[in-house]
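*Asks:* Provided below: my_file20.pdb, containing PDB, C-alpha atoms.
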ATOM      1  CA  MET A  22      12.717  18.240   5.038
ATOM      2  CA  THR A  23       9.468  17.026   3.501
ATOM      3  CA  ASN A  24       7.010  14.972   5.506
ATOM      4  CA  ILE A  25       5.982  12.092   3.242
ATOM      5  CA  THR A  26       2.700  10.368   3.987
ATOM      6  CA  GLU A  27       2.817   6.653   3.323
ATOM      7  CA  PRO A  28      -0.044   5.167   1.321
ATOM      8  CA  GLN A  29      -2.297   2.612   2.977
ATOM      9  CA  LEU A  30      -1.076  -0.977   2.930
ATOM     10  CA  LEU A  31      -3.156  -3.114   0.580
ATOM     11  CA  GLY A  32      -4.094  -6.488   1.917
ATOM     12  CA  ARG A  33      -4.025  -5.658   5.626
ATOM     13  CA  GLY A  34      -5.190  -8.613   7.629
ATOM     14  CA  LEU A  35      -8.228  -8.727   9.857
ATOM     15  CA  THR A  36      -8.093  -7.843  13.527
ATOM     16  CA  TRP A  37      -9.698 -10.107  16.085
ATOM     17  CA  GLN A  38     -12.629  -7.674  16.299
ATOM     18  CA  GLU A  39     -13.206  -8.075  12.545
ATOM     19  CA  MET A  40     -13.545 -11.854  12.928
ATOM     20  CA  PRO A  41     -16.796 -12.384  14.848
ATOM     21  CA  GLU A  42     -18.047 -15.780  15.908
ATOM     22  CA  GLY A  43     -19.847 -17.439  12.995
ATOM     23  CA  MET A  44     -17.848 -15.668  10.282
ATOM     24  CA  GLN A  45     -16.908 -17.969   7.396
ATOM     25  CA  PHE A  46     -14.528 -17.668   4.471
ATOM     26  CA  ARG A  47     -12.763 -19.975   2.053
ATOM     27  CA  THR A  48      -9.396 -20.055   0.391
ATOM     28  CA  SER A  49      -8.411 -20.454  -3.214
ATOM     29  CA  THR A  50      -7.378 -23.917  -4.422
ATOM     30  CA  ARG A  51      -4.142 -25.793  -4.952
ATOM     31  CA  THR A  52      -3.508 -29.126  -6.648
ATOM     32  CA  VAL A  53      -1.121 -31.562  -4.953
ATOM     33  CA  THR A  54       1.604 -32.577  -7.396
ATOM     34  CA  GLU A  55       4.045 -35.472  -7.498
ATOM     35  CA  THR A  56       6.800 -32.929  -6.830
ATOM     36  CA  ASP A  57       4.982 -31.718  -3.697
ATOM     37  CA  LEU A  58       4.783 -35.292  -2.399
ATOM     38  CA  VAL A  59       8.396 -36.209  -3.155
ATOM     39  CA  THR A  60       9.771 -32.938  -1.791
ATOM     40  CA  PHE A  61       7.844 -33.251   1.475
ATOM     41  CA  ILE A  62       8.567 -36.918   2.207
ATOM     42  CA  THR A  63      12.237 -36.428   1.361
ATOM     43  CA  TRP A  64      12.531 -33.276   3.469
ATOM     44  CA  ALA A  65      10.672 -34.835   6.418
ATOM     45  CA  GLY A  66      12.353 -38.223   6.098
ATOM     46  CA  ILE A  67       9.049 -40.074   5.708
ATOM     47  CA  ILE A  68      10.444 -42.493   3.159
ATOM     48  CA  THR A  69       7.980 -45.367   3.522
ATOM     49  CA  PRO A  70       6.381 -47.624   0.880
ATOM     50  CA  LEU A  71       2.968 -46.107   1.582
ATOM     51  CA  PHE A  72       4.179 -42.843   0.025
ATOM     52  CA  THR A  73       6.938 -44.056  -2.313
ATOM     53  CA  ASP A  74       5.507 -47.216  -3.883
ATOM     54  CA  ALA A  75       2.215 -46.850  -5.797
ATOM     55  CA  ARG A  76       1.926 -50.632  -6.193
ATOM     56  CA  PHE A  77       2.289 -51.182  -2.439
ATOM     57  CA  ALA A  78      -0.252 -48.453  -1.678
ATOM     58  CA  GLN A  79      -2.756 -50.040  -4.057
ATOM     59  CA  GLU A  80      -2.185 -53.791  -3.644
ATOM     60  CA  VAL A  81      -1.335 -53.951   0.052
ATOM     61  CA  GLU A  82      -3.230 -50.995   1.504
ATOM     62  CA  GLY A  83      -6.038 -50.668  -1.063
ATOM     63  CA  TYR A  84      -5.491 -47.036  -2.084
ATOM     64  CA  ALA A  85      -6.284 -46.094  -5.674
ATOM     65  CA  GLY A  86      -3.497 -43.561  -6.164
ATOM     66  CA  ARG A  87      -0.341 -41.965  -4.774
ATOM     67  CA  LEU A  88      -1.261 -41.293  -1.159
ATOM     68  CA  VAL A  89      -0.225 -37.944   0.350
ATOM     69  CA  PRO A  90       0.723 -37.604   4.068
ATOM     70  CA  GLY A  91      -1.824 -35.740   6.176
ATOM     71  CA  MET A  92       0.776 -33.182   7.201
ATOM     72  CA  VAL A  93       1.094 -32.113   3.561
ATOM     73  CA  THR A  94      -2.641 -31.446   3.589
ATOM     74  CA  TYR A  95      -2.325 -29.437   6.810
ATOM     75  CA  CYS A  96       0.624 -27.429   5.451
ATOM     76  CA  PHE A  97      -1.214 -26.719   2.190
ATOM     77  CA  SER A  98      -4.199 -25.485   4.181
ATOM     78  CA  GLU A  99      -2.098 -23.122   6.287
ATOM     79  CA  GLY A 100      -0.375 -21.852   3.142
ATOM     80  CA  LEU A 101      -3.704 -21.258   1.415
ATOM     81  CA  LEU A 102      -4.951 -19.449   4.527
ATOM     82  CA  ALA A 103      -1.856 -17.227   4.570
ATOM     83  CA  GLN A 104      -2.432 -16.409   0.898
ATOM     84  CA  THR A 105      -5.896 -15.007   1.695
ATOM     85  CA  GLY A 106      -4.125 -12.200   3.570
ATOM     86  CA  PHE A 107      -6.413 -12.436   6.595
ATOM     87  CA  MET A 108      -3.374 -12.533   8.927
ATOM     88  CA  GLN A 109      -1.228 -10.036   7.002
ATOM     89  CA  GLY A 110       0.224  -7.748   9.666
ATOM     90  CA  THR A 111      -2.391  -8.789  12.228
ATOM     91  CA  GLY A 112      -1.561 -12.424  12.960
ATOM     92  CA  ILE A 113       0.804 -12.865  15.897
ATOM     93  CA  ALA A 114       0.945 -16.609  16.576
ATOM     94  CA  ILE A 115      -0.836 -19.932  16.472
ATOM     95  CA  VAL A 116      -1.452 -20.659  20.141
ATOM     96  CA  SER A 117      -2.779 -24.155  19.491
ATOM     97  CA  THR A 118      -3.569 -26.376  16.532
ATOM     98  CA  GLY A 119      -6.329 -27.997  18.602
ATOM     99  CA  SER A 120      -7.716 -31.222  17.267
ATOM    100  CA  LEU A 121      -6.469 -32.501  13.920
ATOM    101  CA  GLU A 122      -8.559 -35.185  12.266
ATOM    102  CA  HIS A 123      -7.802 -36.964   8.999
ATOM    103  CA  ARG A 124     -11.194 -37.717   7.465
ATOM    104  CA  ALA A 125     -10.389 -39.055   3.984
ATOM    105  CA  PRO A 126      -7.248 -39.853   1.978
ATOM    106  CA  VAL A 127      -5.613 -37.256  -0.255
ATOM    107  CA  PHE A 128      -3.915 -38.333  -3.461
ATOM    108  CA  VAL A 129      -1.486 -36.737  -5.901
ATOM    109  CA  GLY A 130      -3.686 -34.804  -8.318
ATOM    110  CA  ASP A 131      -6.305 -33.810  -5.736
ATOM    111  CA  THR A 132      -7.160 -30.115  -5.584
ATOM    112  CA  LEU A 133      -7.601 -28.756  -2.065
ATOM    113  CA  TYR A 134      -9.180 -25.698  -0.480
ATOM    114  CA  SER A 135     -10.121 -24.733   3.070
ATOM    115  CA  VAL A 136     -13.264 -23.348   4.663
ATOM    116  CA  VAL A 137     -12.814 -21.466   7.947
ATOM    117  CA  THR A 138     -15.550 -20.950  10.518
ATOM    118  CA  VAL A 139     -14.756 -18.668  13.459
ATOM    119  CA  THR A 140     -15.959 -20.297  16.685
ATOM    120  CA  GLU A 141     -14.707 -17.736  19.213
ATOM    121  CA  SER A 142     -13.337 -14.205  19.133
ATOM    122  CA  ARG A 143     -12.412 -12.396  22.335
ATOM    123  CA  PRO A 144      -9.832 -10.044  23.813
ATOM    124  CA  SER A 145      -6.757 -11.669  25.318
ATOM    125  CA  SER A 146      -5.448 -10.977  28.799
ATOM    126  CA  ARG A 147      -2.857  -8.658  27.238
ATOM    127  CA  PRO A 148      -4.027  -5.317  25.770
ATOM    128  CA  GLY A 149      -3.938  -4.866  22.008
ATOM    129  CA  ARG A 150      -4.504  -8.545  21.252
ATOM    130  CA  GLY A 151      -7.308 -11.008  20.865
ATOM    131  CA  VAL A 152      -7.824 -14.740  20.605
ATOM    132  CA  VAL A 153      -9.592 -16.203  17.587
ATOM    133  CA  ALA A 154     -10.567 -19.874  17.543
ATOM    134  CA  SER A 155     -11.867 -21.535  14.415
ATOM    135  CA  THR A 156     -12.636 -24.785  12.698
ATOM    136  CA  VAL A 157     -10.842 -25.358   9.409
ATOM    137  CA  SER A 158     -12.380 -27.849   6.992
ATOM    138  CA  VAL A 159      -9.989 -28.906   4.226
ATOM    139  CA  ARG A 160     -11.852 -30.210   1.187
ATOM    140  CA  ASN A 161     -10.941 -31.815  -2.113
ATOM    141  CA  GLN A 162     -12.213 -31.071  -5.611
ATOM    142  CA  HIS A 163     -15.381 -33.088  -4.908
ATOM    143  CA  GLY A 164     -16.182 -31.069  -1.766
ATOM    144  CA  THR A 165     -15.292 -34.039   0.447
ATOM    145  CA  GLU A 166     -13.777 -33.054   3.792
ATOM    146  CA  VAL A 167     -10.338 -34.675   3.967
ATOM    147  CA  LEU A 168      -8.970 -32.965   7.102
ATOM    148  CA  SER A 169     -10.310 -30.774   9.887
ATOM    149  CA  TYR A 170      -8.522 -28.915  12.642
ATOM    150  CA  THR A 171      -9.298 -26.292  15.246
ATOM    151  CA  PRO A 172      -6.556 -23.666  15.480
ATOM    152  CA  VAL A 173      -6.468 -20.900  18.072
ATOM    153  CA  ARG A 174      -4.658 -17.782  16.865
ATOM    154  CA  LEU A 175      -3.416 -14.690  18.644
ATOM    155  CA  MET A 176      -4.389 -11.649  16.558
ATOM    156  CA  ARG A 177      -3.773  -7.916  16.838
ATOM    157  CA  SER A 178      -6.565  -5.552  17.829
ATOM    158  CA  ARG A 179      -7.740  -2.560  15.801
ATOM    159  CA  GLU A 180      -5.541  -0.326  17.948
ATOM    160  CA  GLN A 181      -2.401  -2.354  17.159
ATOM    161  CA  ALA A 182      -3.065  -2.999  13.460
TER     162      ALA A 182
END
Written as structure tokens, how would this file's structure read?
*Replies:*
Amino acid sequence: MTNITEPQLLGRGLTWQEMPEGMQFRTSTRTVTETDLVTFITWAGIITPLFTDARFAQEVEGYAGRLVPGMVTYCFSEGLLAQTGFMQGTGIAIVSTGSLEHRAPVFVGDTLYSVVTVTESRPSSRPGRGVVASTVSVRNQHGTEVLSYTPVRLMRSREQA
């Protein structure tokens, strides 16, 4: 029987030790489409005029476009973060989403990206794991912050990765 050595996994995520306080990174971008909006509000049951009626959103609420729920923005951010690969095989769980603040409206057609700043990185009480806290700033195509949140994630250590 031949002993086969497996090649190294490409795209391994970062361990908590590889995410020191002050580290920053950003994601790629994604444009919010009409399909994204309709799919989300239908799936979530948020069928309200604010999201379904462009005339209502503009004339009654004063918005200049198809408004997107803040949770879509949050979900896009988490998806963009996952696509960076920083948690690939090393992320265990989101312990807390911390504060979540909607700072500016997001509209269909906006292009979003996220900037992450690590605010704490320490070992957990359980061996082989660490806790990484960060601030995530979600920004639109103009660089305007539209959402911020402060997740705390449980991450594997070097020994467990």
*Asks:* Using all atoms listed in the file, determine which residues lie at most 12 Å from Ile62 (chain A), disregarding the query and same-chain residues fewer than 4 positions distant; provide the list as a list of chain:residue names.
*Replies:*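 Within the cut-off, the hits are A:Glu55, A:Thr56, A:Asp57, A:Leu58, A:Gly66, A:Ile67, A:Ile68, A:Thr69, A:Pro70, A:Leu71, A:Phe72, A:Thr73, A:Leu88, A:Val89, A:Pro90, A:Gly91, A:Met92, A:Val93.
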*Asks:* Pick from A:Met176, A:Val167, A:Val159, A:Leu35: nearest to Ser135 (chain A), with only C-alpha atoms counted?
*Replies:* A:Val159
*Asks:* Got a sec to resolve the PyMOL selection byres ((chain A and resi 108-120) around 10) on this structure and send the residues as a compact mmCIF listing (two decimals) with C-alpha atoms, in the frame of the given file?
*Replies:*
# COMPACT_ATOMS: atom_id res chain seq x y z
CA LEU A 30 -1.08 -0.98 2.93
CA LEU A 31 -3.16 -3.11 0.58
CA GLY A 32 -4.09 -6.49 1.92
CA ARG A 33 -4.03 -5.66 5.63
CA GLY A 34 -5.19 -8.61 7.63
CA LEU A 35 -8.23 -8.73 9.86
CA THR A 36 -8.09 -7.84 13.53
CA TRP A 37 -9.70 -10.11 16.08
CA LEU A 102 -4.95 -19.45 4.53
CA ALA A 103 -1.86 -17.23 4.57
CA GLN A 104 -2.43 -16.41 0.90
CA THR A 105 -5.90 -15.01 1.70
CA GLY A 106 -4.12 -12.20 3.57
CA PHE A 107 -6.41 -12.44 6.60
CA LEU A 121 -6.47 -32.50 13.92
CA GLU A 122 -8.56 -35.18 12.27
CA ARG A 150 -4.50 -8.54 21.25
CA GLY A 151 -7.31 -11.01 20.86
CA VAL A 152 -7.82 -14.74 20.60
CA VAL A 153 -9.59 -16.20 17.59
CA ALA A 154 -10.57 -19.87 17.54
CA SER A 155 -11.87 -21.54 14.42
CA THR A 156 -12.64 -24.78 12.70
CA SER A 169 -10.31 -30.77 9.89
CA TYR A 170 -8.52 -28.92 12.64
CA THR A 171 -9.30 -26.29 15.25
CA PRO A 172 -6.56 -23.67 15.48
CA VAL A 173 -6.47 -20.90 18.07
CA ARG A 174 -4.66 -17.78 16.86
CA LEU A 175 -3.42 -14.69 18.64
CA MET A 176 -4.39 -11.65 16.56
CA ARG A 177 -3.77 -7.92 16.84
CA SER A 178 -6.56 -5.55 17.83
CA ARG A 179 -7.74 -2.56 15.80
CA GLN A 181 -2.40 -2.35 17.16
CA ALA A 182 -3.06 -3.00 13.46
*Asks:* State, in Å with one decimal place, the distance from CA of Val53 (chain A) to CA of Glu82 (chain A).
*Replies:* 20.6 Å
*Asks:* Rounded to one decimal place, report the CA of Val81 (chain A)-CA of Arg124 (chain A) distance in Å.
*Replies:*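 For CA of Val81 (chain A) relative to CA of Arg124 (chain A), the distance reads 20.4 Å.
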*Asks:* I'd like the interatomic distance between CA of Asn161 (chain A) and CA of Glu99 (chain A), to a tenth of an Å.
*Replies:* 15.0 Å
*Asks:* Please produce, as JSON lines, a per-residue contact table for region 91-177 of chain A versus region 43-49 of chain A (criterion: any atom at most 7 Å away, all atoms listed in the file considered), showing the nearest atom pair and its distance in Å to one decimal, sorted by chain then residue number.
*Replies:*
{"residue": "A:Leu101", "atom": "CA", "partner": "A:Thr48", "partner_atom": "CA", "distance": 5.9}
{"residue": "A:Leu102", "atom": "CA", "partner": "A:Thr48", "partner_atom": "CA", "distance": 6.1}
{"residue": "A:Thr105", "atom": "CA", "partner": "A:Thr48", "partner_atom": "CA", "distance": 6.3}
{"residue": "A:Tyr134", "atom": "CA", "partner": "A:Thr48", "partner_atom": "CA", "distance": 5.7}
{"residue": "A:Ser135", "atom": "CA", "partner": "A:Thr48", "partner_atom": "CA", "distance": 5.4}
{"residue": "A:Val136", "atom": "CA", "partner": "A:Arg47", "partner_atom": "CA", "distance": 4.3}
{"residue": "A:Val137", "atom": "CA", "partner": "A:Gln45", "partner_atom": "CA", "distance": 5.4}
{"residue": "A:Thr138", "atom": "CA", "partner": "A:Gln45", "partner_atom": "CA", "distance": 4.5}
{"residue": "A:Val139", "atom": "CA", "partner": "A:Gly43", "partner_atom": "CA", "distance": 5.3}
{"residue": "A:Thr140", "atom": "CA", "partner": "A:Gly43", "partner_atom": "CA", "distance": 6.1}
*Asks:* Keeping only C-alpha atoms, write the selected residues as a compact mmCIF listing (two decimals), in the coordinates of the input.
*Replies:*
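And here's out-v2.txt as it stands now:
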# COMPACT_ATOMS: atom_id res chain seq x y z
CA LEU A 101 -3.70 -21.26 1.42
CA LEU A 102 -4.95 -19.45 4.53
CA THR A 105 -5.90 -15.01 1.70
CA TYR A 134 -9.18 -25.70 -0.48
CA SER A 135 -10.12 -24.73 3.07
CA VAL A 136 -13.26 -23.35 4.66
CA VAL A 137 -12.81 -21.47 7.95
CA THR A 138 -15.55 -20.95 10.52
CA VAL A 139 -14.76 -18.67 13.46
CA THR A 140 -15.96 -20.30 16.68
*Asks:* How big is the axis-aligned box around all listed atoms of region 160-169 of chain A once 4 Å goes on each side, and where's its centre, in Å to one decimal, as lines of an AutoDock Vina configuration file?
*Replies:*
center_x = -12.6
center_y = -32.4
center_z = 2.1
size_x = 15.2
size_y = 12.5
size_z = 23.5
*Asks:* Since fewer atoms than expected are present, regenerate N, CA, C and O atoms for region 89-103 of chain A and write them as a PDB file, in the frame of the given file.
*Replies:*
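Just written: selection31.pdb:
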ATOM      1  N   VAL A  89      -0.943 -39.123  -0.136  1.00  0.00           N
ATOM      2  CA  VAL A  89      -0.225 -37.944   0.350  1.00  0.00           C
ATOM      3  C   VAL A  89      -0.328 -37.908   1.874  1.00  0.00           C
ATOM      4  O   VAL A  89      -1.423 -38.061   2.424  1.00  0.00           O
ATOM      5  N   PRO A  90       0.792 -37.699   2.603  1.00  0.00           N
ATOM      6  CA  PRO A  90       0.723 -37.604   4.068  1.00  0.00           C
ATOM      7  C   PRO A  90      -0.209 -36.484   4.521  1.00  0.00           C
ATOM      8  O   PRO A  90      -0.283 -35.416   3.910  1.00  0.00           O
ATOM      9  N   GLY A  91      -0.900 -36.724   5.628  1.00  0.00           N
ATOM     10  CA  GLY A  91      -1.824 -35.740   6.176  1.00  0.00           C
ATOM     11  C   GLY A  91      -1.169 -34.414   6.506  1.00  0.00           C
ATOM     12  O   GLY A  91      -1.808 -33.358   6.412  1.00  0.00           O
ATOM     13  N   MET A  92       0.096 -34.435   6.866  1.00  0.00           N
ATOM     14  CA  MET A  92       0.776 -33.182   7.201  1.00  0.00           C
ATOM     15  C   MET A  92       0.970 -32.303   5.970  1.00  0.00           C
ATOM     16  O   MET A  92       1.021 -31.075   6.084  1.00  0.00           O
ATOM     17  N   VAL A  93       1.045 -32.911   4.789  1.00  0.00           N
ATOM     18  CA  VAL A  93       1.094 -32.113   3.561  1.00  0.00           C
ATOM     19  C   VAL A  93      -0.228 -31.362   3.414  1.00  0.00           C
ATOM     20  O   VAL A  93      -0.256 -30.171   3.110  1.00  0.00           O
ATOM     21  N   THR A  94      -1.318 -32.068   3.678  1.00  0.00           N
ATOM     22  CA  THR A  94      -2.641 -31.446   3.589  1.00  0.00           C
ATOM     23  C   THR A  94      -2.752 -30.283   4.572  1.00  0.00           C
ATOM     24  O   THR A  94      -3.224 -29.196   4.221  1.00  0.00           O
ATOM     25  N   TYR A  95      -2.298 -30.495   5.805  1.00  0.00           N
ATOM     26  CA  TYR A  95      -2.325 -29.437   6.810  1.00  0.00           C
ATOM     27  C   TYR A  95      -1.471 -28.243   6.357  1.00  0.00           C
ATOM     28  O   TYR A  95      -1.922 -27.091   6.423  1.00  0.00           O
ATOM     29  N   CYS A  96      -0.263 -28.515   5.890  1.00  0.00           N
ATOM     30  CA  CYS A  96       0.624 -27.429   5.451  1.00  0.00           C
ATOM     31  C   CYS A  96       0.039 -26.668   4.265  1.00  0.00           C
ATOM     32  O   CYS A  96       0.123 -25.436   4.209  1.00  0.00           O
ATOM     33  N   PHE A  97      -0.566 -27.389   3.316  1.00  0.00           N
ATOM     34  CA  PHE A  97      -1.214 -26.719   2.190  1.00  0.00           C
ATOM     35  C   PHE A  97      -2.317 -25.797   2.697  1.00  0.00           C
ATOM     36  O   PHE A  97      -2.468 -24.675   2.234  1.00  0.00           O
ATOM     37  N   SER A  98      -3.116 -26.293   3.642  1.00  0.00           N
ATOM     38  CA  SER A  98      -4.199 -25.485   4.181  1.00  0.00           C
ATOM     39  C   SER A  98      -3.667 -24.205   4.809  1.00  0.00           C
ATOM     40  O   SER A  98      -4.178 -23.110   4.532  1.00  0.00           O
ATOM     41  N   GLU A  99      -2.656 -24.321   5.649  1.00  0.00           N
ATOM     42  CA  GLU A  99      -2.098 -23.122   6.287  1.00  0.00           C
ATOM     43  C   GLU A  99      -1.503 -22.165   5.257  1.00  0.00           C
ATOM     44  O   GLU A  99      -1.624 -20.949   5.384  1.00  0.00           O
ATOM     45  N   GLY A 100      -0.890 -22.706   4.211  1.00  0.00           N
ATOM     46  CA  GLY A 100      -0.375 -21.852   3.142  1.00  0.00           C
ATOM     47  C   GLY A 100      -1.488 -21.138   2.390  1.00  0.00           C
ATOM     48  O   GLY A 100      -1.397 -19.939   2.107  1.00  0.00           O
ATOM     49  N   LEU A 101      -2.559 -21.873   2.087  1.00  0.00           N
ATOM     50  CA  LEU A 101      -3.704 -21.258   1.415  1.00  0.00           C
ATOM     51  C   LEU A 101      -4.347 -20.193   2.296  1.00  0.00           C
ATOM     52  O   LEU A 101      -4.765 -19.137   1.804  1.00  0.00           O
ATOM     53  N   LEU A 102      -4.406 -20.453   3.599  1.00  0.00           N
ATOM     54  CA  LEU A 102      -4.951 -19.449   4.527  1.00  0.00           C
ATOM     55  C   LEU A 102      -4.072 -18.202   4.541  1.00  0.00           C
ATOM     56  O   LEU A 102      -4.582 -17.076   4.509  1.00  0.00           O
ATOM     57  N   ALA A 103      -2.761 -18.381   4.578  1.00  0.00           N
ATOM     58  CA  ALA A 103      -1.856 -17.227   4.570  1.00  0.00           C
ATOM     59  C   ALA A 103      -2.034 -16.414   3.290  1.00  0.00           C
ATOM     60  O   ALA A 103      -1.993 -15.177   3.322  1.00  0.00           O
TER      61      ALA A 103
END
